[in-house]
$ cat input32.tsv   # TSV, C-alpha atoms
chain	number	residue	atom	x	y	z
A	12	MET	CA	0.00	0.00	0.00
A	13	HIS	CA	2.80	2.37	0.86
A	14	LEU	CA	4.65	1.72	-2.38
A	15	THR	CA	1.52	2.24	-4.46
A	16	ALA	CA	0.87	5.63	-2.85
A	17	GLY	CA	4.43	6.67	-3.50
A	18	GLY	CA	4.17	5.70	-7.16
A	19	GLY	CA	1.02	7.82	-7.56
A	20	GLY	CA	2.75	10.83	-6.07
A	21	GLY	CA	5.59	10.49	-8.52
A	22	THR	CA	3.19	10.46	-11.47
A	23	SER	CA	1.47	13.69	-10.27
A	24	SER	CA	4.84	15.38	-9.87
A	25	ARG	CA	5.85	14.50	-13.43
A	26	ARG	CA	2.49	15.75	-14.79
A	27	ASN	CA	2.85	19.22	-13.17
A	28	LYS	CA	6.48	19.75	-14.11
A	29	THR	CA	7.27	22.36	-16.84
A	30	MET	CA	9.90	21.28	-19.28
A	31	PRO	CA	12.57	23.74	-20.43
A	32	VAL	CA	11.81	24.36	-24.14
A	33	VAL	CA	12.91	26.90	-26.74
A	34	ALA	CA	10.27	26.28	-29.46
A	35	THR	CA	7.38	27.79	-27.45
A	36	ASN	CA	7.89	30.65	-25.05
A	37	THR	CA	4.88	30.13	-22.78
A	38	ALA	CA	6.05	32.70	-20.24
A	39	ALA	CA	6.35	35.38	-22.92
A	40	ASN	CA	2.89	34.54	-24.28
A	41	SER	CA	1.36	34.85	-20.82
A	42	ALA	CA	3.17	38.11	-20.13
A	43	LEU	CA	2.06	39.45	-23.52
A	44	ARG	CA	-1.58	38.60	-22.76
A	45	PHE	CA	-1.43	40.57	-19.53
A	46	LEU	CA	0.33	43.41	-21.33
A	47	ASN	CA	-2.50	43.59	-23.90
A	48	ASN	CA	-5.17	43.52	-21.18
A	49	ASN	CA	-3.47	46.22	-19.13
A	50	THR	CA	-2.90	48.38	-22.19
A	51	ALA	CA	-6.59	48.09	-23.16
A	52	ASN	CA	-7.66	49.04	-19.63
A	53	ALA	CA	-5.33	52.03	-19.62
A	54	ALA	CA	-6.62	53.14	-23.03
A	55	SER	CA	-10.21	52.85	-21.78
A	56	SER	CA	-9.40	55.04	-18.77
A	57	VAL	CA	-7.76	57.64	-21.02
A	58	SER	CA	-10.86	57.70	-23.27
A	59	LYS	CA	-13.17	58.22	-20.29
A	60	LEU	CA	-11.00	60.97	-18.84
A	61	ALA	CA	-10.72	62.71	-22.21
A	62	SER	CA	-14.45	62.55	-22.93
A	63	GLY	CA	-15.62	63.18	-19.37
A	64	SER	CA	-18.10	60.34	-19.82
A	65	ARG	CA	-18.23	57.11	-17.89
A	66	ILE	CA	-19.82	55.38	-20.87
A	67	VAL	CA	-17.67	55.77	-23.97
A	68	LYS	CA	-19.06	52.73	-25.77
A	69	ALA	CA	-22.21	50.69	-25.25
A	70	SER	CA	-20.31	47.77	-23.73
A	71	ASP	CA	-19.20	49.98	-20.83
A	72	ASP	CA	-22.79	50.03	-19.45
A	73	ALA	CA	-25.58	49.12	-21.87
A	74	ALA	CA	-28.43	49.81	-19.42
A	75	GLY	CA	-26.86	53.04	-18.22
A	76	LEU	CA	-26.43	54.19	-21.82
A	77	ALA	CA	-30.13	53.57	-22.57
A	78	ILE	CA	-31.26	55.44	-19.45
A	79	GLY	CA	-28.83	58.27	-20.09
A	80	ALA	CA	-30.00	58.66	-23.69
A	81	ARG	CA	-33.61	58.95	-22.51
A	82	LEU	CA	-32.66	61.51	-19.88
A	83	MET	CA	-30.76	63.51	-22.49
A	84	ALA	CA	-33.89	63.48	-24.68
A	85	ASP	CA	-35.94	64.80	-21.75
A	86	VAL	CA	-33.36	67.54	-21.15
A	87	THR	CA	-33.54	68.56	-24.81
A	88	ALA	CA	-37.35	68.68	-24.74
A	89	LEU	CA	-37.50	70.55	-21.43
A	90	THR	CA	-34.96	73.12	-22.59
A	91	GLN	CA	-37.19	73.99	-25.55
A	92	ALA	CA	-40.29	73.78	-23.33
A	93	GLY	CA	-38.79	76.44	-21.08
A	94	ILE	CA	-38.33	78.69	-24.11
A	95	ASN	CA	-41.92	77.96	-25.19
A	96	ALA	CA	-43.26	78.91	-21.76
A	97	SER	CA	-41.36	82.19	-21.85
A	98	GLN	CA	-42.63	82.95	-25.35
A	99	GLY	CA	-46.19	82.07	-24.36
A	100	ALA	CA	-46.05	84.49	-21.46
A	101	SER	CA	-44.66	87.17	-23.80
A	102	VAL	CA	-47.54	86.73	-26.25
A	103	VAL	CA	-50.14	87.10	-23.51
A	104	GLN	CA	-48.28	90.11	-22.08
A	105	VAL	CA	-48.53	91.81	-25.47
A	106	ALA	CA	-52.30	91.25	-25.43
A	107	ASP	CA	-52.52	92.47	-21.85
A	108	GLY	CA	-50.65	95.64	-22.80
A	109	GLY	CA	-53.19	96.33	-25.55
A	110	LEU	CA	-56.08	95.69	-23.17
A	111	GLY	CA	-54.52	98.07	-20.67
A	112	ARG	CA	-54.40	100.88	-23.25
A	113	ILE	CA	-58.04	100.22	-24.22
A	114	GLY	CA	-58.89	100.48	-20.53
A	115	ASP	CA	-57.19	103.88	-20.40
A	116	VAL	CA	-59.24	105.05	-23.38
A	117	LEU	CA	-62.44	103.85	-21.70
A	118	GLN	CA	-61.59	105.88	-18.60
A	119	ARG	CA	-61.28	109.01	-20.74
A	120	MET	CA	-64.54	108.18	-22.48
A	121	LYS	CA	-66.24	107.83	-19.11
A	122	ALA	CA	-64.98	111.27	-18.14
A	123	LEU	CA	-66.37	112.70	-21.38
A	124	SER	CA	-69.73	111.01	-20.75
A	125	ALA	CA	-69.85	112.44	-17.26
A	126	GLN	CA	-69.02	115.90	-18.65
A	127	SER	CA	-71.80	115.62	-21.23
A	128	LEU	CA	-74.29	114.50	-18.56
A	129	SER	CA	-73.68	117.69	-16.63
A	130	GLY	CA	-76.16	120.49	-16.96
A	131	VAL	CA	-73.43	123.02	-17.71
A	132	PRO	CA	-72.67	122.32	-21.42
A	133	THR	CA	-75.27	122.98	-24.09
A	134	ASP	CA	-75.91	120.58	-26.96
A	135	THR	CA	-73.54	122.67	-29.05
A	136	GLU	CA	-70.76	122.12	-26.57
A	137	ARG	CA	-71.77	118.47	-26.21
A	138	ALA	CA	-71.11	118.12	-29.93
A	139	PHE	CA	-67.55	119.24	-29.29
A	140	ILE	CA	-67.25	116.67	-26.51
A	141	ASP	CA	-68.70	114.01	-28.81
A	142	ALA	CA	-66.06	114.79	-31.46
A	143	GLU	CA	-63.35	113.55	-29.08
A	144	PHE	CA	-65.58	110.66	-27.99
A	145	GLN	CA	-65.91	109.42	-31.58
A	146	GLN	CA	-62.17	109.65	-32.12
A	147	LEU	CA	-61.64	107.53	-29.04
A	148	LEU	CA	-64.11	104.96	-30.34
A	149	GLY	CA	-61.98	104.69	-33.47
A	150	GLU	CA	-58.83	104.46	-31.36
A	151	ILE	CA	-60.22	101.49	-29.43
A	152	SER	CA	-60.63	99.60	-32.70
A	153	ASP	CA	-57.19	100.66	-33.91
A	154	ILE	CA	-55.52	99.50	-30.68
A	155	ALA	CA	-57.32	96.17	-30.89
A	156	GLU	CA	-56.40	95.60	-34.53
A	157	THR	CA	-52.77	96.71	-34.20
A	158	THR	CA	-51.97	94.72	-31.06
A	159	ARG	CA	-50.03	92.05	-32.93
A	160	PHE	CA	-47.52	89.33	-32.22
A	161	ASN	CA	-45.59	87.74	-35.06
A	162	GLY	CA	-47.91	89.45	-37.55
A	163	ALA	CA	-51.19	88.18	-36.05
A	164	SER	CA	-53.70	90.54	-34.46
A	165	LEU	CA	-54.47	89.35	-30.94
A	166	LEU	CA	-57.48	91.48	-30.02
A	167	GLY	CA	-59.00	92.43	-33.38
A	168	THR	CA	-62.02	91.15	-35.24
A	169	ALA	CA	-60.11	88.35	-36.98
A	170	GLY	CA	-58.13	87.54	-33.87
A	171	ALA	CA	-55.26	85.11	-33.50
A	172	PRO	CA	-56.27	81.44	-33.70
A	173	ALA	CA	-56.16	79.38	-30.54
A	174	ALA	CA	-52.65	78.06	-29.96
A	175	ASP	CA	-51.24	75.21	-27.87
A	176	TYR	CA	-47.87	75.91	-26.25
A	177	PHE	CA	-45.78	72.79	-25.61
A	178	VAL	CA	-44.39	73.06	-22.08
A	179	GLY	CA	-43.24	69.60	-21.04
A	180	THR	CA	-41.91	66.29	-22.32
A	181	ASP	CA	-45.16	64.57	-23.35
A	182	VAL	CA	-47.29	65.55	-26.35
A	183	ASN	CA	-50.17	66.39	-24.01
A	184	ASP	CA	-48.10	68.81	-21.89
A	185	THR	CA	-49.59	71.96	-23.40
A	186	ILE	CA	-51.19	75.26	-22.34
A	187	THR	CA	-53.92	76.53	-24.67
A	188	VAL	CA	-54.30	80.25	-25.29
A	189	ASP	CA	-57.41	81.57	-27.06
A	190	PHE	CA	-57.75	85.36	-27.02
A	191	SER	CA	-61.35	85.20	-28.20
A	192	THR	CA	-62.30	83.62	-24.86
A	193	LEU	CA	-60.56	86.07	-22.52
A	194	ALA	CA	-63.98	87.48	-21.66
A	195	ALA	CA	-67.31	85.68	-21.73
A	196	SER	CA	-69.16	88.61	-23.32
A	197	ALA	CA	-66.70	89.58	-26.07
A	198	THR	CA	-64.81	87.72	-28.80
A	199	SER	CA	-62.94	90.83	-29.93
A	200	PHE	CA	-62.06	94.15	-28.35
A	201	THR	CA	-62.90	96.63	-31.09
A	202	SER	CA	-65.61	99.23	-30.62
A	203	ARG	CA	-68.09	96.81	-32.16
A	204	GLY	CA	-66.86	93.92	-30.05
A	205	LEU	CA	-67.30	95.99	-26.88
A	206	GLY	CA	-70.85	97.01	-27.83
A	207	PHE	CA	-70.34	100.65	-28.80
A	208	VAL	CA	-71.24	100.01	-32.43
A	209	GLY	CA	-73.82	97.50	-33.62
A	210	SER	CA	-77.25	96.81	-34.96
A	211	ALA	CA	-80.47	97.80	-33.20
A	212	GLY	CA	-82.55	95.41	-35.27
A	213	ALA	CA	-84.45	95.71	-38.54
A	214	GLY	CA	-81.23	96.73	-40.25
A	215	THR	CA	-80.81	99.80	-38.04
A	216	ALA	CA	-77.24	100.48	-36.98
A	217	PHE	CA	-76.22	102.50	-33.94
A	218	VAL	CA	-73.06	104.29	-32.87
A	219	THR	CA	-72.66	105.33	-29.25
A	220	ASP	CA	-72.33	109.09	-28.78
A	221	VAL	CA	-72.51	111.80	-26.12
A	222	ALA	CA	-74.05	114.52	-28.28
A	223	THR	CA	-77.01	114.81	-25.90
A	224	ALA	CA	-77.51	114.25	-22.21
A	225	THR	CA	-79.75	111.25	-22.93
A	226	ALA	CA	-77.17	109.71	-25.28
A	227	ALA	CA	-74.48	110.34	-22.69
A	228	GLY	CA	-76.49	108.36	-20.14
A	229	VAL	CA	-76.68	105.40	-22.55
A	230	ALA	CA	-72.97	105.77	-23.30
A	231	MET	CA	-72.13	105.73	-19.59
A	232	ALA	CA	-73.85	102.36	-19.14
A	233	ARG	CA	-72.09	100.88	-22.17
A	234	ILE	CA	-68.74	102.20	-20.99
A	235	ASP	CA	-69.25	100.58	-17.57
A	236	THR	CA	-70.02	97.27	-19.29
A	237	ALA	CA	-66.91	97.62	-21.51
A	238	ILE	CA	-64.72	98.41	-18.50
A	239	ASN	CA	-65.98	95.25	-16.79
A	240	THR	CA	-65.25	93.26	-19.96
A	241	ILE	CA	-61.71	94.65	-20.17
A	242	SER	CA	-61.15	93.96	-16.47
A	243	GLU	CA	-62.32	90.36	-16.90
A	244	SER	CA	-60.08	89.92	-19.94
A	245	ARG	CA	-57.04	91.32	-18.16
A	246	ALA	CA	-57.69	89.06	-15.18
A	247	THR	CA	-57.80	86.03	-17.52
A	248	ALA	CA	-54.63	87.20	-19.29
A	249	GLY	CA	-52.89	87.71	-15.94
A	250	ALA	CA	-53.86	84.21	-14.87
A	251	LEU	CA	-52.38	82.79	-18.08
A	252	ILE	CA	-49.15	84.76	-17.60
A	253	SER	CA	-48.91	83.51	-14.02
A	254	ARG	CA	-49.45	79.95	-15.22
A	255	PHE	CA	-46.71	80.26	-17.84
A	256	GLU	CA	-44.31	81.72	-15.26
A	257	PHE	CA	-44.93	78.93	-12.74
A	258	ARG	CA	-44.60	76.32	-15.49
A	259	GLY	CA	-41.27	77.88	-16.48
A	260	GLN	CA	-40.08	77.61	-12.87
A	261	GLN	CA	-41.21	73.98	-12.71
A	262	ILE	CA	-39.35	73.24	-15.95
A	263	SER	CA	-36.18	74.80	-14.53
A	264	THR	CA	-36.46	72.60	-11.43
A	265	SER	CA	-37.01	69.50	-13.56
A	266	LEU	CA	-34.02	70.35	-15.74
A	267	GLU	CA	-31.81	70.71	-12.68
A	268	ASN	CA	-32.86	67.36	-11.24
A	269	ILE	CA	-32.73	65.45	-14.53
A	270	ASN	CA	-29.30	66.85	-15.34
A	271	ALA	CA	-28.10	65.71	-11.92
A	272	ALA	CA	-29.48	62.21	-12.53
A	273	LYS	CA	-27.91	62.10	-16.01
A	274	SER	CA	-24.59	63.20	-14.58
A	275	ALA	CA	-24.64	60.44	-11.97
A	276	ILE	CA	-25.19	57.85	-14.72
A	277	MET	CA	-23.14	59.22	-17.61
A	278	ASP	CA	-20.32	61.37	-16.20
A	279	VAL	CA	-16.99	59.90	-15.16
A	280	ASP	CA	-15.62	60.13	-11.63
A	281	LEU	CA	-12.33	61.84	-12.41
A	282	ALA	CA	-10.59	60.89	-9.17
A	283	ALA	CA	-11.54	57.21	-9.36
A	284	GLU	CA	-10.75	56.94	-13.07
A	285	GLN	CA	-7.39	58.68	-12.63
A	286	SER	CA	-6.53	56.14	-9.92
A	287	LYS	CA	-7.43	53.31	-12.29
A	288	LEU	CA	-5.27	54.85	-15.02
A	289	VAL	CA	-2.25	55.13	-12.75
A	290	SER	CA	-2.71	51.53	-11.61
A	291	ASN	CA	-3.04	50.28	-15.19
A	292	GLN	CA	0.03	52.27	-16.26
A	293	VAL	CA	2.06	50.58	-13.51
A	294	LEU	CA	0.75	47.18	-14.62
A	295	VAL	CA	1.63	47.99	-18.24
A	296	GLN	CA	5.19	48.83	-17.22
A	297	ALA	CA	5.40	45.64	-15.18
A	298	ALA	CA	4.06	43.58	-18.09
A	299	VAL	CA	6.55	45.18	-20.50
A	300	SER	CA	9.37	44.25	-18.13
A	301	ALA	CA	7.96	40.73	-17.78
A	302	VAL	CA	7.79	40.29	-21.57
A	303	SER	CA	11.39	41.44	-21.83
A	304	GLN	CA	12.49	39.00	-19.16
A	305	ALA	CA	10.47	36.15	-20.69
A	306	ASN	CA	12.05	36.75	-24.09
A	307	GLN	CA	15.45	36.19	-22.50
A	308	ILE	CA	14.56	32.71	-21.17
A	309	PRO	CA	15.15	30.85	-24.49
A	310	GLN	CA	18.51	32.58	-24.83
A	311	SER	CA	19.44	31.34	-21.38
A	312	LEU	CA	18.37	27.78	-22.28
A	313	LEU	CA	20.56	27.80	-25.41
A	314	ARG	CA	23.59	27.96	-23.18
A	315	VAL	CA	22.89	24.39	-22.16
A	316	LEU	CA	23.91	23.40	-25.68
A	317	GLN	CA	27.22	25.19	-25.49

$ encode --input "input32.tsv" --output "structure tokens"
Amino acid sequence: MHLTAGGGGGTSSRRNKTMPVVATNTAANSALRFLNNNTANAASSVSKLASGSRIVKASDDAAGLAIGARLMADVTALTQAGINASQGASVVQVADGGLGRIGDVLQRMKALSAQSLSGVPTDTERAFIDAEFQQLLGEISDIAETTRFNGASLLGTAGAPAADYFVGTDVNDTITVDFSTLAASATSFTSRGLGFVGSAGAGTAFVTDVATATAAGVAMARIDTAINTISESRATAGALISRFEFRGQQISTSLENINAAKSAIMDVDLAAEQSKLVSNQVLVQAAVSAVSQANQIPQSLLRVLQ
């Protein structure tokens, strides 16, 4: 039994022994493999440091690349959405400016109506007051028609068509602006739209005036209604502007958070990657030295033949 065990041990020893050969330099091949691996790792670290990205190619992190690409798409969409929100607020502010000037005209018209209602002026003098009143009626229409953005009248008879402003990342993330619905009682803000000019029925047209005390009383009531309409419209416009501003702030917050998430996934950790590069450079130098030493082994074995 003892001899058999000893024989087995001798066989194992012969099987594990490496013969000295010169035809195949196994040590050099092994050292070269490690040299190639270390060189590739060092090159990968250099690429990441140069690009600033942790994922230079898809094989670095396939899932991270897919998530990062989607986050980048969201950032692109939100960046434009922020611009859209700002532009939407600007459009409504232009309309609100026009409404404000119409309101100023209405205040002057109210003063003229009150002056005409007084018992001091005669009808002759009321005609002089009415001359200014009629000019102001025309100015209301002119302000409404010339309040434009990008060539489209916002408050006039034709009016700008309803528009959807994209302010998010999904196709349904929109804010709709329709200037014809700023006030429930008016679709435009010309003199006709505000009720100063119109039809009294049976083809009879009317134009508001203050040429008499009675007409001035009618004009006063219509002016009060128009002022209420303008106030309602400006309140609606202000609400839309506020909505655009808050949406713009929300978009800025989303951009900040998404960019932070994208950075955590896509950006390289410079300190960690630099440490890897230094380590790989040391290993490359060691492998180069090992290859050099391994290439000298066959030369040493040839001396046996001398």

$ residues_around --input "input32.tsv" --residues "region 223-236 of chain A" --least-positions-apart "5" --cutoff "7 Å" --atoms "all atoms listed in the file" --output "ChimeraX atom specification"
/A:117,121,124,127-128,134,137,206-207

$ residues_around --input "input32.tsv" --residues "Arg258 (chain A)" --least-positions-apart "5" --cutoff "10 Å" --atoms "all atoms listed in the file" --output "list in words"
Ala92, Gly93, Ala96, Ser97, Val178, Gly179, Ile186, Ile252, Ser253, Ser263 and Thr264 of chain A

$ residues_around --input "input32.tsv" --residues "Gln98 (chain A)" --least-positions-apart "5" --cutoff "9 Å" --atoms "only C-alpha atoms" --output "tab-separated table (two decimals) with C-alpha atoms, in the coordinates of the input"
chain	number	residue	atom	x	y	z
A	93	GLY	CA	-38.79	76.44	-21.08
A	103	VAL	CA	-50.14	87.10	-23.51
A	176	TYR	CA	-47.87	75.91	-26.25
A	255	PHE	CA	-46.71	80.26	-17.84

$ residues_near_point --input "input32.tsv" --point "(-44.9, 86.2, -18.2)" --cutoff "6 Å" --atoms "only C-alpha atoms" --output "PyMOL selection string"
chain A and resi 100-101+252+256

$ write_last_selection --input "input32.tsv" --atoms "C-alpha atoms" --output "short mmCIF file (atom, residue, chain, number, x, y, z; two decimals), in the frame of the given file"
data_model
loop_
_atom_site.label_atom_id
_atom_site.label_comp_id
_atom_site.auth_asym_id
_atom_site.auth_seq_id
_atom_site.Cartn_x
_atom_site.Cartn_y
_atom_site.Cartn_z
CA ALA A 100 -46.05 84.49 -21.46
CA SER A 101 -44.66 87.17 -23.80
CA ILE A 252 -49.15 84.76 -17.60
CA GLU A 256 -44.31 81.72 -15.26
#

$ residues_around --input "input32.tsv" --residues "region 38-50 of chain A" --least-positions-apart "4" --cutoff "8 Å" --atoms "only C-alpha atoms" --output "PyMOL selection string"
chain A and resi 54+291-292+294-295+298-299+301-303+305-306

$ write_last_selection --input "input32.tsv" --atoms "C-alpha atoms" --output "PDB file, in the coordinates of the input"
ATOM      1  CA  ALA A  54      -6.620  53.140 -23.030  1.00  0.00           C
ATOM      2  CA  ASN A 291      -3.040  50.280 -15.190  1.00  0.00           C
ATOM      3  CA  GLN A 292       0.030  52.270 -16.260  1.00  0.00           C
ATOM      4  CA  LEU A 294       0.750  47.180 -14.620  1.00  0.00           C
ATOM      5  CA  VAL A 295       1.630  47.990 -18.240  1.00  0.00           C
ATOM      6  CA  ALA A 298       4.060  43.580 -18.090  1.00  0.00           C
ATOM      7  CA  VAL A 299       6.550  45.180 -20.500  1.00  0.00           C
ATOM      8  CA  ALA A 301       7.960  40.730 -17.780  1.00  0.00           C
ATOM      9  CA  VAL A 302       7.790  40.290 -21.570  1.00  0.00           C
ATOM     10  CA  SER A 303      11.390  41.440 -21.830  1.00  0.00           C
ATOM     11  CA  ALA A 305      10.470  36.150 -20.690  1.00  0.00           C
ATOM     12  CA  ASN A 306      12.050  36.750 -24.090  1.00  0.00           C
TER      13      ASN A 306
END

$ residues_around --input "input32.tsv" --residues "Ala155 (chain A)" --least-positions-apart "3" --cutoff "10 Å" --atoms "all atoms listed in the file" --output "ChimeraX atom specification"
/A:106,109-110,112-113,150-152,158-159,164-168,170,199-202,204

$ atom_distance --input "input32.tsv" --atom1 "CA of Val208 (chain A)" --atom2 "CA of Gly114 (chain A)"
17.2 Å

$ atom_distance --input "input32.tsv" --atom1 "CA of Ala171 (chain A)" --atom2 "CA of Phe257 (chain A)"
24.0 Å

$ atom_distance --input "input32.tsv" --atom1 "CA of Ala53 (chain A)" --atom2 "CA of Ala74 (chain A)"
23.2 Å

$ closest_residue --input "input32.tsv" --among "A:Thr180, A:Lys59, A:Ala163, A:Ala174" --to "Leu266 (chain A)" --atoms "all atoms listed in the file"
A:Thr180

$ decode --input "input32.tsv" --residues "region 171-213 of chain A" --atoms "C-alpha atoms" --output "PDB file, in the first residue's frame"
ATOM      1  CA  ALA A 171     -55.263  85.106 -33.502  1.00  0.00           C
ATOM      2  CA  PRO A 172     -56.270  81.442 -33.703  1.00  0.00           C
ATOM      3  CA  ALA A 173     -56.160  79.383 -30.535  1.00  0.00           C
ATOM      4  CA  ALA A 174     -52.649  78.061 -29.960  1.00  0.00           C
ATOM      5  CA  ASP A 175     -51.245  75.212 -27.870  1.00  0.00           C
ATOM      6  CA  TYR A 176     -47.871  75.910 -26.246  1.00  0.00           C
ATOM      7  CA  PHE A 177     -45.776  72.786 -25.609  1.00  0.00           C
ATOM      8  CA  VAL A 178     -44.394  73.063 -22.078  1.00  0.00           C
ATOM      9  CA  GLY A 179     -43.241  69.596 -21.037  1.00  0.00           C
ATOM     10  CA  THR A 180     -41.911  66.291 -22.321  1.00  0.00           C
ATOM     11  CA  ASP A 181     -45.163  64.573 -23.348  1.00  0.00           C
ATOM     12  CA  VAL A 182     -47.289  65.545 -26.349  1.00  0.00           C
ATOM     13  CA  ASN A 183     -50.174  66.389 -24.011  1.00  0.00           C
ATOM     14  CA  ASP A 184     -48.105  68.807 -21.890  1.00  0.00           C
ATOM     15  CA  THR A 185     -49.594  71.965 -23.398  1.00  0.00           C
ATOM     16  CA  ILE A 186     -51.187  75.258 -22.344  1.00  0.00           C
ATOM     17  CA  THR A 187     -53.917  76.525 -24.667  1.00  0.00           C
ATOM     18  CA  VAL A 188     -54.300  80.253 -25.290  1.00  0.00           C
ATOM     19  CA  ASP A 189     -57.413  81.574 -27.063  1.00  0.00           C
ATOM     20  CA  PHE A 190     -57.745  85.357 -27.019  1.00  0.00           C
ATOM     21  CA  SER A 191     -61.347  85.203 -28.196  1.00  0.00           C
ATOM     22  CA  THR A 192     -62.304  83.618 -24.860  1.00  0.00           C
ATOM     23  CA  LEU A 193     -60.557  86.066 -22.522  1.00  0.00           C
ATOM     24  CA  ALA A 194     -63.978  87.477 -21.659  1.00  0.00           C
ATOM     25  CA  ALA A 195     -67.314  85.676 -21.729  1.00  0.00           C
ATOM     26  CA  SER A 196     -69.162  88.612 -23.315  1.00  0.00           C
ATOM     27  CA  ALA A 197     -66.702  89.575 -26.073  1.00  0.00           C
ATOM     28  CA  THR A 198     -64.814  87.722 -28.795  1.00  0.00           C
ATOM     29  CA  SER A 199     -62.938  90.825 -29.930  1.00  0.00           C
ATOM     30  CA  PHE A 200     -62.063  94.146 -28.348  1.00  0.00           C
ATOM     31  CA  THR A 201     -62.902  96.629 -31.095  1.00  0.00           C
ATOM     32  CA  SER A 202     -65.614  99.233 -30.620  1.00  0.00           C
ATOM     33  CA  ARG A 203     -68.087  96.810 -32.161  1.00  0.00           C
ATOM     34  CA  GLY A 204     -66.858  93.924 -30.048  1.00  0.00           C
ATOM     35  CA  LEU A 205     -67.295  95.987 -26.876  1.00  0.00           C
ATOM     36  CA  GLY A 206     -70.846  97.009 -27.834  1.00  0.00           C
ATOM     37  CA  PHE A 207     -70.336 100.649 -28.800  1.00  0.00           C
ATOM     38  CA  VAL A 208     -71.243 100.008 -32.434  1.00  0.00           C
ATOM     39  CA  GLY A 209     -73.821  97.500 -33.623  1.00  0.00           C
ATOM     40  CA  SER A 210     -77.254  96.806 -34.963  1.00  0.00           C
ATOM     41  CA  ALA A 211     -80.473  97.801 -33.201  1.00  0.00           C
ATOM     42  CA  GLY A 212     -82.553  95.405 -35.270  1.00  0.00           C
ATOM     43  CA  ALA A 213     -84.449  95.715 -38.545  1.00  0.00           C
TER      44      ALA A 213
END
